[in-house]
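A.B. asks: This is work.txt (compact mmCIF, C-alpha atoms).
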```
# COMPACT_ATOMS: atom_id res chain seq x y z
CA MET A 1 -51.39 -57.96 -154.83
CA LEU A 2 -52.85 -54.57 -153.93
CA GLU A 3 -51.26 -51.51 -155.54
CA ILE A 4 -52.34 -48.71 -153.21
CA ARG A 5 -53.29 -45.26 -154.53
CA ARG A 6 -53.49 -42.94 -151.51
CA ALA A 7 -55.88 -40.00 -151.50
CA LYS A 8 -53.07 -37.46 -151.08
CA ASP A 9 -51.38 -38.67 -154.28
CA ARG A 10 -54.36 -37.98 -156.54
CA GLY A 11 -54.40 -35.13 -159.03
CA THR A 12 -56.40 -32.02 -158.12
CA ALA A 13 -58.21 -29.20 -159.87
CA ASP A 14 -59.57 -26.11 -158.13
CA PHE A 15 -61.76 -23.73 -160.16
CA GLY A 16 -63.38 -22.01 -157.19
CA TRP A 17 -66.84 -23.33 -157.97
CA LEU A 18 -65.43 -26.87 -158.34
CA TYR A 19 -62.83 -28.76 -156.34
CA SER A 20 -61.99 -32.10 -157.94
CA ARG A 21 -59.61 -34.91 -157.06
CA HIS A 22 -58.62 -37.26 -159.87
CA THR A 23 -57.69 -40.88 -159.21
CA PHE A 24 -56.64 -41.26 -162.85
CA SER A 25 -55.32 -38.84 -165.48
CA PHE A 26 -58.02 -36.34 -166.42
CA GLY A 27 -58.15 -32.85 -167.92
CA HIS A 28 -54.96 -30.92 -167.16
CA TYR A 29 -53.75 -33.64 -164.78
CA PHE A 30 -51.67 -36.32 -166.49
CA ASP A 31 -49.62 -39.12 -164.98
CA GLN A 32 -48.42 -41.84 -167.34
CA LYS A 33 -48.68 -44.37 -164.51
CA GLN A 34 -52.30 -43.44 -163.76
CA VAL A 35 -54.10 -43.74 -167.11
CA GLY A 36 -57.05 -45.79 -165.98
CA PHE A 37 -57.12 -49.47 -165.05
CA SER A 38 -58.66 -52.17 -167.22
CA ASP A 39 -61.92 -50.61 -168.53
CA LEU A 40 -62.11 -48.12 -165.64
CA LEU A 41 -60.93 -44.79 -167.05
CA VAL A 42 -62.00 -42.03 -164.62
CA ILE A 43 -62.83 -41.63 -160.93
CA ASN A 44 -63.36 -37.95 -160.19
CA ASP A 45 -64.21 -36.95 -156.62
CA ASP A 46 -66.07 -33.65 -157.13
CA ILE A 47 -67.33 -30.97 -154.75
CA VAL A 48 -69.45 -28.28 -156.43
CA GLN A 49 -70.44 -25.01 -154.77
CA ALA A 50 -74.09 -24.04 -154.29
CA GLY A 51 -75.86 -23.06 -157.49
CA GLN A 52 -72.83 -23.88 -159.66
CA GLY A 53 -72.09 -26.66 -162.09
CA PHE A 54 -70.99 -28.00 -165.44
CA GLY A 55 -72.66 -26.31 -168.41
CA THR A 56 -73.90 -28.28 -171.39
CA HIS A 57 -71.09 -30.33 -172.94
CA PRO A 58 -70.90 -33.41 -175.21
CA HIS A 59 -69.81 -37.03 -174.72
CA ARG A 60 -69.71 -40.06 -176.96
CA ASP A 61 -68.77 -43.73 -176.64
CA MET A 62 -68.44 -43.71 -172.86
CA GLU A 63 -70.39 -45.28 -169.97
CA ILE A 64 -70.62 -42.54 -167.31
CA PHE A 65 -72.13 -42.90 -163.87
CA SER A 66 -72.56 -40.55 -160.93
CA TYR A 67 -72.70 -41.56 -157.27
CA VAL A 68 -73.82 -38.80 -154.91
CA LEU A 69 -72.37 -38.74 -151.38
CA GLU A 70 -73.87 -35.47 -150.10
CA GLY A 71 -76.29 -32.90 -151.45
CA ALA A 72 -78.24 -33.04 -154.71
CA LEU A 73 -77.02 -33.06 -158.33
CA GLU A 74 -79.31 -31.82 -161.10
CA HIS A 75 -78.97 -33.46 -164.52
CA LYS A 76 -80.35 -32.44 -167.94
CA ASP A 77 -79.49 -33.97 -171.30
CA SER A 78 -80.23 -33.89 -175.01
CA MET A 79 -82.47 -36.97 -174.70
CA GLY A 80 -84.92 -34.82 -172.73
CA THR A 81 -84.02 -36.34 -169.38
CA GLY A 82 -84.22 -34.11 -166.33
CA SER A 83 -83.55 -35.47 -162.86
CA VAL A 84 -82.13 -34.73 -159.43
CA ILE A 85 -79.68 -37.27 -157.98
CA ARG A 86 -79.36 -37.59 -154.21
CA PRO A 87 -77.46 -39.92 -151.84
CA GLY A 88 -78.50 -43.49 -152.56
CA ASP A 89 -79.16 -42.73 -156.22
CA VAL A 90 -76.92 -44.09 -158.96
CA GLN A 91 -77.20 -42.49 -162.38
CA MET A 92 -75.86 -44.11 -165.54
CA MET A 93 -75.57 -42.34 -168.89
CA SER A 94 -74.49 -44.33 -171.94
CA ALA A 95 -73.21 -41.68 -174.36
CA GLY A 96 -72.97 -43.98 -177.39
CA THR A 97 -73.36 -42.13 -180.69
CA GLY A 98 -73.37 -38.81 -178.85
CA ILE A 99 -75.14 -36.92 -176.12
CA SER A 100 -74.96 -33.47 -174.50
CA HIS A 101 -75.72 -32.89 -170.84
CA SER A 102 -75.31 -30.48 -167.94
CA GLU A 103 -74.82 -31.12 -164.23
CA PHE A 104 -75.50 -28.51 -161.56
CA ASN A 105 -75.70 -28.32 -157.82
CA HIS A 106 -79.45 -28.37 -157.23
CA SER A 107 -79.12 -26.41 -154.00
CA SER A 108 -78.67 -22.64 -153.65
CA SER A 109 -77.12 -23.01 -150.18
CA GLU A 110 -75.35 -26.38 -149.81
CA LEU A 111 -72.46 -28.18 -151.47
CA VAL A 112 -72.90 -31.30 -153.58
CA HIS A 113 -70.26 -34.01 -153.26
CA PHE A 114 -70.28 -36.82 -155.79
CA LEU A 115 -68.17 -39.30 -157.71
CA GLN A 116 -68.22 -39.25 -161.50
CA ILE A 117 -66.88 -42.44 -163.03
CA TRP A 118 -66.17 -43.33 -166.65
CA ILE A 119 -66.03 -46.86 -168.06
CA THR A 120 -65.00 -47.57 -171.65
CA PRO A 121 -67.73 -49.49 -173.54
CA LYS A 122 -67.13 -52.80 -175.30
CA ILE A 123 -69.18 -51.62 -178.29
CA LYS A 124 -68.98 -48.18 -179.86
CA GLY A 125 -71.88 -46.38 -181.50
CA ILE A 126 -74.70 -47.72 -179.36
CA LYS A 127 -77.93 -45.81 -178.88
CA PRO A 128 -77.63 -43.31 -175.99
CA ARG A 129 -79.65 -44.12 -172.88
CA TYR A 130 -80.21 -42.92 -169.32
CA GLN A 131 -80.81 -44.95 -166.14
CA GLN A 132 -81.28 -44.03 -162.50
CA VAL A 133 -81.87 -46.33 -159.52
CA ASN A 134 -82.02 -45.70 -155.78
CA PHE A 135 -80.33 -48.20 -153.48
CA LEU A 136 -81.35 -47.99 -149.83
CA ASP A 137 -78.68 -47.87 -147.13
CA THR A 138 -80.13 -51.10 -145.74
CA GLU A 139 -79.18 -52.85 -149.00
CA LYS A 140 -75.53 -51.79 -148.56
CA ARG A 141 -75.20 -51.95 -144.79
CA GLY A 142 -72.52 -54.49 -143.84
CA GLN A 143 -72.47 -55.98 -147.32
CA LEU A 144 -71.53 -55.33 -150.94
CA ARG A 145 -74.60 -54.61 -153.04
CA ILE A 146 -74.23 -54.93 -156.81
CA ILE A 147 -75.26 -51.60 -158.36
CA ILE A 148 -73.94 -51.95 -161.94
CA SER A 149 -73.61 -55.05 -164.12
CA PRO A 150 -73.65 -56.05 -167.81
CA ASP A 151 -77.13 -57.56 -167.60
CA GLY A 152 -78.86 -55.52 -164.89
CA GLU A 153 -78.42 -58.28 -162.33
CA ASN A 154 -80.59 -58.02 -159.19
CA GLY A 155 -82.03 -54.63 -160.11
CA SER A 156 -78.66 -53.04 -160.88
CA LEU A 157 -78.05 -50.57 -163.68
CA SER A 158 -76.80 -52.16 -166.90
CA VAL A 159 -73.47 -51.18 -168.46
CA CYS A 160 -72.11 -51.92 -171.93
CA GLN A 161 -68.95 -53.62 -170.64
CA ASP A 162 -67.88 -56.70 -168.68
CA VAL A 163 -67.77 -54.73 -165.40
CA ARG A 164 -69.58 -55.19 -162.10
CA VAL A 165 -69.67 -52.46 -159.46
CA TYR A 166 -70.54 -53.04 -155.80
CA ALA A 167 -71.31 -50.47 -153.09
CA GLY A 168 -71.03 -51.08 -149.37
CA LEU A 169 -71.39 -49.35 -145.99
CA PHE A 170 -69.33 -50.66 -143.08
CA ASP A 171 -69.09 -49.67 -139.45
CA GLY A 172 -68.00 -51.42 -136.27
CA GLY A 173 -68.12 -55.20 -136.48
CA GLU A 174 -69.66 -55.33 -139.95
CA SER A 175 -67.67 -57.32 -142.51
CA SER A 176 -68.01 -58.75 -145.99
CA SER A 177 -66.01 -60.60 -148.63
CA LEU A 178 -66.16 -60.52 -152.43
CA LYS A 179 -64.68 -63.51 -154.24
CA LEU A 180 -62.68 -62.73 -157.38
CA ALA A 181 -62.19 -65.11 -160.30
CA SER A 182 -58.57 -65.92 -161.14
CA ASN A 183 -58.90 -64.17 -164.50
CA ARG A 184 -60.26 -60.90 -163.05
CA PHE A 185 -58.84 -57.65 -161.70
CA ALA A 186 -60.57 -55.31 -159.25
CA TYR A 187 -60.37 -51.73 -158.12
CA ILE A 188 -61.20 -50.46 -154.63
CA HIS A 189 -62.30 -46.88 -153.95
CA VAL A 190 -63.12 -45.77 -150.42
CA ALA A 191 -65.43 -42.77 -150.79
CA ARG A 192 -65.47 -41.84 -147.10
CA GLY A 193 -64.64 -43.17 -143.67
CA GLU A 194 -62.04 -45.88 -143.19
CA ALA A 195 -61.78 -49.67 -143.17
CA MET A 196 -59.39 -52.61 -143.18
CA ILE A 197 -59.34 -54.24 -146.61
CA ASN A 198 -57.21 -57.37 -147.13
CA GLY A 199 -55.32 -56.42 -144.01
CA ILE A 200 -54.49 -52.87 -145.16
CA ARG A 201 -55.95 -49.70 -143.66
CA PHE A 202 -57.83 -47.55 -146.19
CA ASP A 203 -58.93 -43.99 -145.48
CA ALA A 204 -61.33 -41.71 -147.37
CA GLY A 205 -60.19 -41.18 -150.96
CA ASP A 206 -57.78 -44.12 -150.95
CA GLY A 207 -57.95 -46.69 -153.72
CA ALA A 208 -56.11 -49.75 -154.99
CA ARG A 209 -55.58 -51.82 -158.10
CA VAL A 210 -56.14 -55.48 -157.23
CA ARG A 211 -54.44 -58.31 -159.13
CA GLY A 212 -54.09 -61.97 -158.27
CA GLU A 213 -56.16 -61.86 -155.07
CA PRO A 214 -58.79 -64.56 -154.43
CA SER A 215 -61.08 -62.13 -152.61
CA ILE A 216 -61.58 -58.66 -151.21
CA ASP A 217 -62.15 -58.87 -147.47
CA ILE A 218 -63.58 -55.87 -145.60
CA LYS A 219 -63.76 -55.36 -141.83
CA GLU A 220 -63.26 -52.80 -139.04
CA GLY A 221 -65.08 -50.02 -140.86
CA LYS A 222 -65.53 -46.59 -139.35
CA ASP A 223 -68.42 -44.87 -141.17
CA ALA A 224 -66.98 -46.33 -144.39
CA GLU A 225 -68.63 -46.11 -147.80
CA MET A 226 -66.89 -47.74 -150.73
CA LEU A 227 -67.15 -48.91 -154.31
CA ILE A 228 -65.57 -52.13 -155.58
CA PHE A 229 -65.10 -52.67 -159.33
CA ASP A 230 -64.83 -56.23 -160.69
CA LEU A 231 -62.93 -55.79 -163.98
CA ARG A 232 -61.49 -57.66 -166.93
CA ALA A 233 -57.84 -58.64 -166.50
CA ASN A 234 -56.36 -56.24 -169.02
CA GLU A 235 -53.87 -53.60 -167.96
CA LEU A 236 -54.89 -50.57 -170.00
CA PRO A 237 -58.31 -49.07 -170.71
CA SER A 238 -59.80 -49.75 -174.13
CA ARG A 239 -59.61 -46.77 -176.45
```
Could you express the structure from this file as C-alpha cells?

C.D. replies:
Amino acid sequence: MLEIRRAKDRGTADFGWLYSRHTFSFGHYFDQKQVGFSDLLVINDDIVQAGQGFGTHPHRDMEIFSYVLEGALEHKDSMGTGSVIRPGDVQMMSAGTGISHSEFNHSSSELVHFLQIWITPKIKGIKPRYQQVNFLDTEKRGQLRIIISPDGENGSLSVCQDVRVYAGLFDGGESSSLKLASNRFAYIHVARGEAMINGIRFDAGDGARVRGEPSIDIKEGKDAEMLIFDLRANELPSR
C-alpha cells in the first residue's frame, strides 16, 4: 500500500529569506497525522535567499543530512568543520551529545534549494561527527544509488540507525526497482520532476509512506530526482 502525501498538502513557512515546505510536522506546523514515519522525522524542502541563512543553533541526538538540489550551502559547526555543499554532495551530521552549527547560502546572487532530513538515532549520546560525500550523476542515472546506510555500504555515508537511503535520476525510458523485505517500510520523496512509481504518477514534492509492498518500481521519469528511504517497520518515530 502507498499512502500518498501530495506536495500541495505539505506545511509551509515563509520568512522572506526562507521558504520551507514541511512533509512532516516541524516548527509552527503541526499535523497529528504527519509526525514522522518510522525513524524518519523531518523532510524540509528549503529555498534560502542569496546571502541569507540559519544562524548558529544547537542540536543533539539526531542524525541530520542535507541534500542540495541547486546552488551552494555553506556549513560551519562547533567541531571546527567548514564546508560548502553543492548538487551531488550529501552531508551528514550526527549531533549526538550536542553540536552547534550554522547554514548559509554561499552565494550573494543565487538561491540555494536543498532538502534537510532528520533521522532519529538508535543510540543516544554518541560522539558528534561530520561526513560529506559527492555522488556523481552517472552513479544515480537510471538507477537507485545507496547514499546512506548503517555501515557505510558501497561508499555511502554511515548513519546511527537501521535506515538505508537511495538517490536516483530518471528520464525517458530509464527504470529501476528496489526490492523491499516483508518486515520493512519505505518512504518515497520526489525532489523534482515527475515519474511513475508503482503505477502512480508522482510530481515534484510528492511523497508516500510504503507498507506491505514487495518492491518500489520506477519508470517514465521526466527529469526526476528522488530519494527512497528503506525503514524499520514501526509506525512512529523513536523519541

A.B. asks: Report the distance between CA of Asp137 in chain A and CA of Ala191 in chain A in Å, rounded to one decimal place.

C.D. replies: 14.7 Å

A.B. asks: How far is it from CA of Ala224 in chain A to CA of Leu180 in chain A, in Å with one decimal?

C.D. replies: 21.4 Å

A.B. asks: So which one's closest to Ala50 in chain A, A:Met62, A:Leu111, A:Ile148, A:Val210? Using all atoms listed in the file, please.

C.D. replies: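 Using all atoms listed in the file, Ala50 in chain A sits closest to A:Leu111.
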
A.B. asks: Using only C-alpha atoms, find the one residue out of A:Val90, A:Ile200, A:Ile43, A:Ile64 that sits nearest to Thr120 in chain A.

C.D. replies: A:Ile64

A.B. asks: Quick one: residues within 8 Å of His75 in chain A, all atoms listed in the file, excluding same-chain residues fewer than 3 positions away - as a ChimeraX atom specification?

C.D. replies: /A:81-85,101-104

A.B. asks: Considering all atoms listed in the file, state which residue in the set A:Arg86, A:Ile47, A:Ile218, A:Gln131 is at the smallest distance from Phe65 in chain A.

C.D. replies: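 When distances to Phe65 in chain A are compared using all atoms listed in the file, the smallest one comes from A:Gln131.
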
A.B. asks: What does the distance from CA of Gly71 in chain A to CA of Arg145 in chain A come to in Å, to one decimal?

C.D. replies: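 Calculated distance between CA of Gly71 in chain A and CA of Arg145 in chain A is 21.8 Å.
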
A.B. asks: Restricting the calculation to only C-alpha atoms: of A:Val190, A:Ile117, A:Val48, A:Ile147, which residue gets closest to Phe24 in chain A?

C.D. replies: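 The closest residue to Phe24 in chain A is A:Ile117.
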
A.B. asks: Considering all atoms listed in the file, can you say which of A:Ala204, A:Leu69, A:Leu169, A:Ile228 comes closest to Gly142 in chain A?

C.D. replies: A:Leu169

A.B. asks: What's around Phe170 in chain A at 12 Å? Count all atoms listed in the file, leave out sequence neighbours fewer than 5 positions away in its own chain, and write the answer as a PyMOL selection string.

C.D. replies: chain A and resi 137-145+175-177+190-197+217-227

A.B. asks: Have a look at A:Asn154, A:Thr97, A:Gln161, A:Ser66 and name the one nearest to Gly125 in chain A; count all atoms listed in the file.

C.D. replies: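 Comparing A:Asn154, A:Thr97, A:Gln161, A:Ser66 against Gly125 in chain A, the winner is A:Thr97.
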
A.B. asks: Report as a tab-separated table (two decimals) with C-alpha atoms, keeping the file's coordinate frame all protein, DNA and RNA residues lying within 12 Å of Glu153 in chain A, evaluated on all atoms listed in the file, omitting residues in the same chain fewer than 5 positions from it.

C.D. replies:
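What follows is the written file part_7.tsv:
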```tsv
chain	number	residue	atom	x	y	z
A	145	ARG	CA	-74.60	-54.61	-153.04
A	146	ILE	CA	-74.23	-54.93	-156.81
A	147	ILE	CA	-75.26	-51.60	-158.36
A	148	ILE	CA	-73.94	-51.95	-161.94
A	158	SER	CA	-76.80	-52.16	-166.90
A	159	VAL	CA	-73.47	-51.18	-168.46
A	163	VAL	CA	-67.77	-54.73	-165.40
A	164	ARG	CA	-69.58	-55.19	-162.10
A	165	VAL	CA	-69.67	-52.46	-159.46
A	166	TYR	CA	-70.54	-53.04	-155.80
```

A.B. asks: Please, what is the axis-aligned box for every listed atom of range 60-67 of chain A with 4 Å on each side, as centre and edge lengths in Å to one decimal, as lines of an AutoDock Vina configuration file?

C.D. replies:
```
center_x = -70.6
center_y = -42.7
center_z = -167.1
size_x = 12.3
size_y = 13.2
size_z = 27.7
```

A.B. asks: Need to verify the contact set: Leu115 in chain A, 6 Å, all atoms listed in the file, exclusion of same-chain residues closer than 2 positions in sequence. Can you return it as a PDB file with C-alpha atoms, in the coordinates of the input?

C.D. replies:
```
ATOM      1  CA  ASN A  44     -63.360 -37.950-160.190  1.00  0.00           C
ATOM      2  CA  ASP A  45     -64.210 -36.950-156.620  1.00  0.00           C
ATOM      3  CA  SER A  66     -72.560 -40.550-160.930  1.00  0.00           C
ATOM      4  CA  TYR A  67     -72.700 -41.560-157.270  1.00  0.00           C
TER       5      TYR A  67
END
```

A.B. asks: Which residues come within 8 Å of Ala233 in chain A, counting all atoms listed in the file, excluding same-chain residues fewer than 2 positions away, as an NGL selection string?

C.D. replies: :A and (38 or 183-185 or 231 or 235)

A.B. asks: Missing atoms in range 212-239 of chain A: fill them in up to N, CA and C atoms and send the result as a tab-separated table (two decimals), keeping the file's coordinate frame.

C.D. replies:
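Listing of out13.tsv after writing:
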```
chain	number	residue	atom	x	y	z
A	212	GLY	N	-54.52	-60.70	-158.83
A	212	GLY	CA	-54.09	-61.97	-158.27
A	212	GLY	C	-54.55	-62.25	-156.86
A	213	GLU	N	-55.59	-61.61	-156.40
A	213	GLU	CA	-56.16	-61.86	-155.07
A	213	GLU	C	-57.41	-62.73	-155.21
A	214	PRO	N	-57.59	-63.72	-154.34
A	214	PRO	CA	-58.79	-64.56	-154.43
A	214	PRO	C	-60.06	-63.87	-153.96
A	215	SER	N	-59.89	-62.82	-153.15
A	215	SER	CA	-61.08	-62.13	-152.61
A	215	SER	C	-60.70	-60.75	-152.12
A	216	ILE	N	-61.72	-59.95	-151.89
A	216	ILE	CA	-61.58	-58.66	-151.21
A	216	ILE	C	-62.33	-58.78	-149.90
A	217	ASP	N	-61.60	-58.64	-148.80
A	217	ASP	CA	-62.15	-58.87	-147.47
A	217	ASP	C	-62.17	-57.55	-146.70
A	218	ILE	N	-63.36	-57.17	-146.23
A	218	ILE	CA	-63.58	-55.87	-145.60
A	218	ILE	C	-64.00	-56.07	-144.15
A	219	LYS	N	-63.38	-55.31	-143.24
A	219	LYS	CA	-63.76	-55.36	-141.83
A	219	LYS	C	-63.30	-54.07	-141.14
A	220	GLU	N	-63.68	-53.91	-139.88
A	220	GLU	CA	-63.26	-52.80	-139.04
A	220	GLU	C	-63.54	-51.44	-139.68
A	221	GLY	N	-64.71	-51.29	-140.26
A	221	GLY	CA	-65.08	-50.02	-140.86
A	221	GLY	C	-65.42	-48.97	-139.81
A	222	LYS	N	-65.13	-47.73	-140.15
A	222	LYS	CA	-65.53	-46.59	-139.35
A	222	LYS	C	-66.25	-45.61	-140.27
A	223	ASP	N	-67.59	-45.70	-140.29
A	223	ASP	CA	-68.42	-44.87	-141.17
A	223	ASP	C	-67.91	-44.94	-142.60
A	224	ALA	N	-67.57	-46.15	-143.06
A	224	ALA	CA	-66.98	-46.33	-144.39
A	224	ALA	C	-68.05	-46.52	-145.46
A	225	GLU	N	-67.83	-45.89	-146.60
A	225	GLU	CA	-68.63	-46.11	-147.80
A	225	GLU	C	-67.66	-46.33	-148.94
A	226	MET	N	-67.87	-47.40	-149.70
A	226	MET	CA	-66.89	-47.74	-150.73
A	226	MET	C	-67.54	-48.34	-151.96
A	227	LEU	N	-66.80	-48.26	-153.06
A	227	LEU	CA	-67.15	-48.91	-154.31
A	227	LEU	C	-66.07	-49.92	-154.65
A	228	ILE	N	-66.48	-51.10	-155.11
A	228	ILE	CA	-65.57	-52.13	-155.58
A	228	ILE	C	-65.92	-52.45	-157.03
A	229	PHE	N	-64.92	-52.40	-157.90
A	229	PHE	CA	-65.10	-52.67	-159.33
A	229	PHE	C	-64.49	-54.03	-159.67
A	230	ASP	N	-65.29	-54.93	-160.20
A	230	ASP	CA	-64.83	-56.23	-160.69
A	230	ASP	C	-64.61	-56.06	-162.20
A	231	LEU	N	-63.34	-56.22	-162.64
A	231	LEU	CA	-62.93	-55.79	-163.98
A	231	LEU	C	-62.27	-56.92	-164.77
A	232	ARG	N	-62.24	-56.76	-166.07
A	232	ARG	CA	-61.49	-57.66	-166.93
A	232	ARG	C	-59.99	-57.55	-166.61
A	233	ALA	N	-59.27	-58.63	-166.79
A	233	ALA	CA	-57.84	-58.64	-166.50
A	233	ALA	C	-57.03	-58.15	-167.70
A	234	ASN	N	-57.22	-56.87	-168.03
A	234	ASN	CA	-56.36	-56.24	-169.02
A	234	ASN	C	-55.82	-54.95	-168.42
A	235	GLU	N	-54.56	-54.65	-168.69
A	235	GLU	CA	-53.87	-53.60	-167.96
A	235	GLU	C	-54.28	-52.18	-168.32
A	236	LEU	N	-54.61	-51.95	-169.57
A	236	LEU	CA	-54.89	-50.57	-170.00
A	236	LEU	C	-56.33	-50.45	-170.44
A	237	PRO	N	-56.94	-49.27	-170.27
A	237	PRO	CA	-58.31	-49.07	-170.71
A	237	PRO	C	-58.44	-49.16	-172.22
A	238	SER	N	-59.54	-49.71	-172.70
A	238	SER	CA	-59.80	-49.75	-174.13
A	238	SER	C	-59.99	-48.35	-174.67
A	239	ARG	N	-59.48	-48.09	-175.85
A	239	ARG	CA	-59.61	-46.77	-176.45
A	239	ARG	C	-60.31	-46.88	-177.82
```
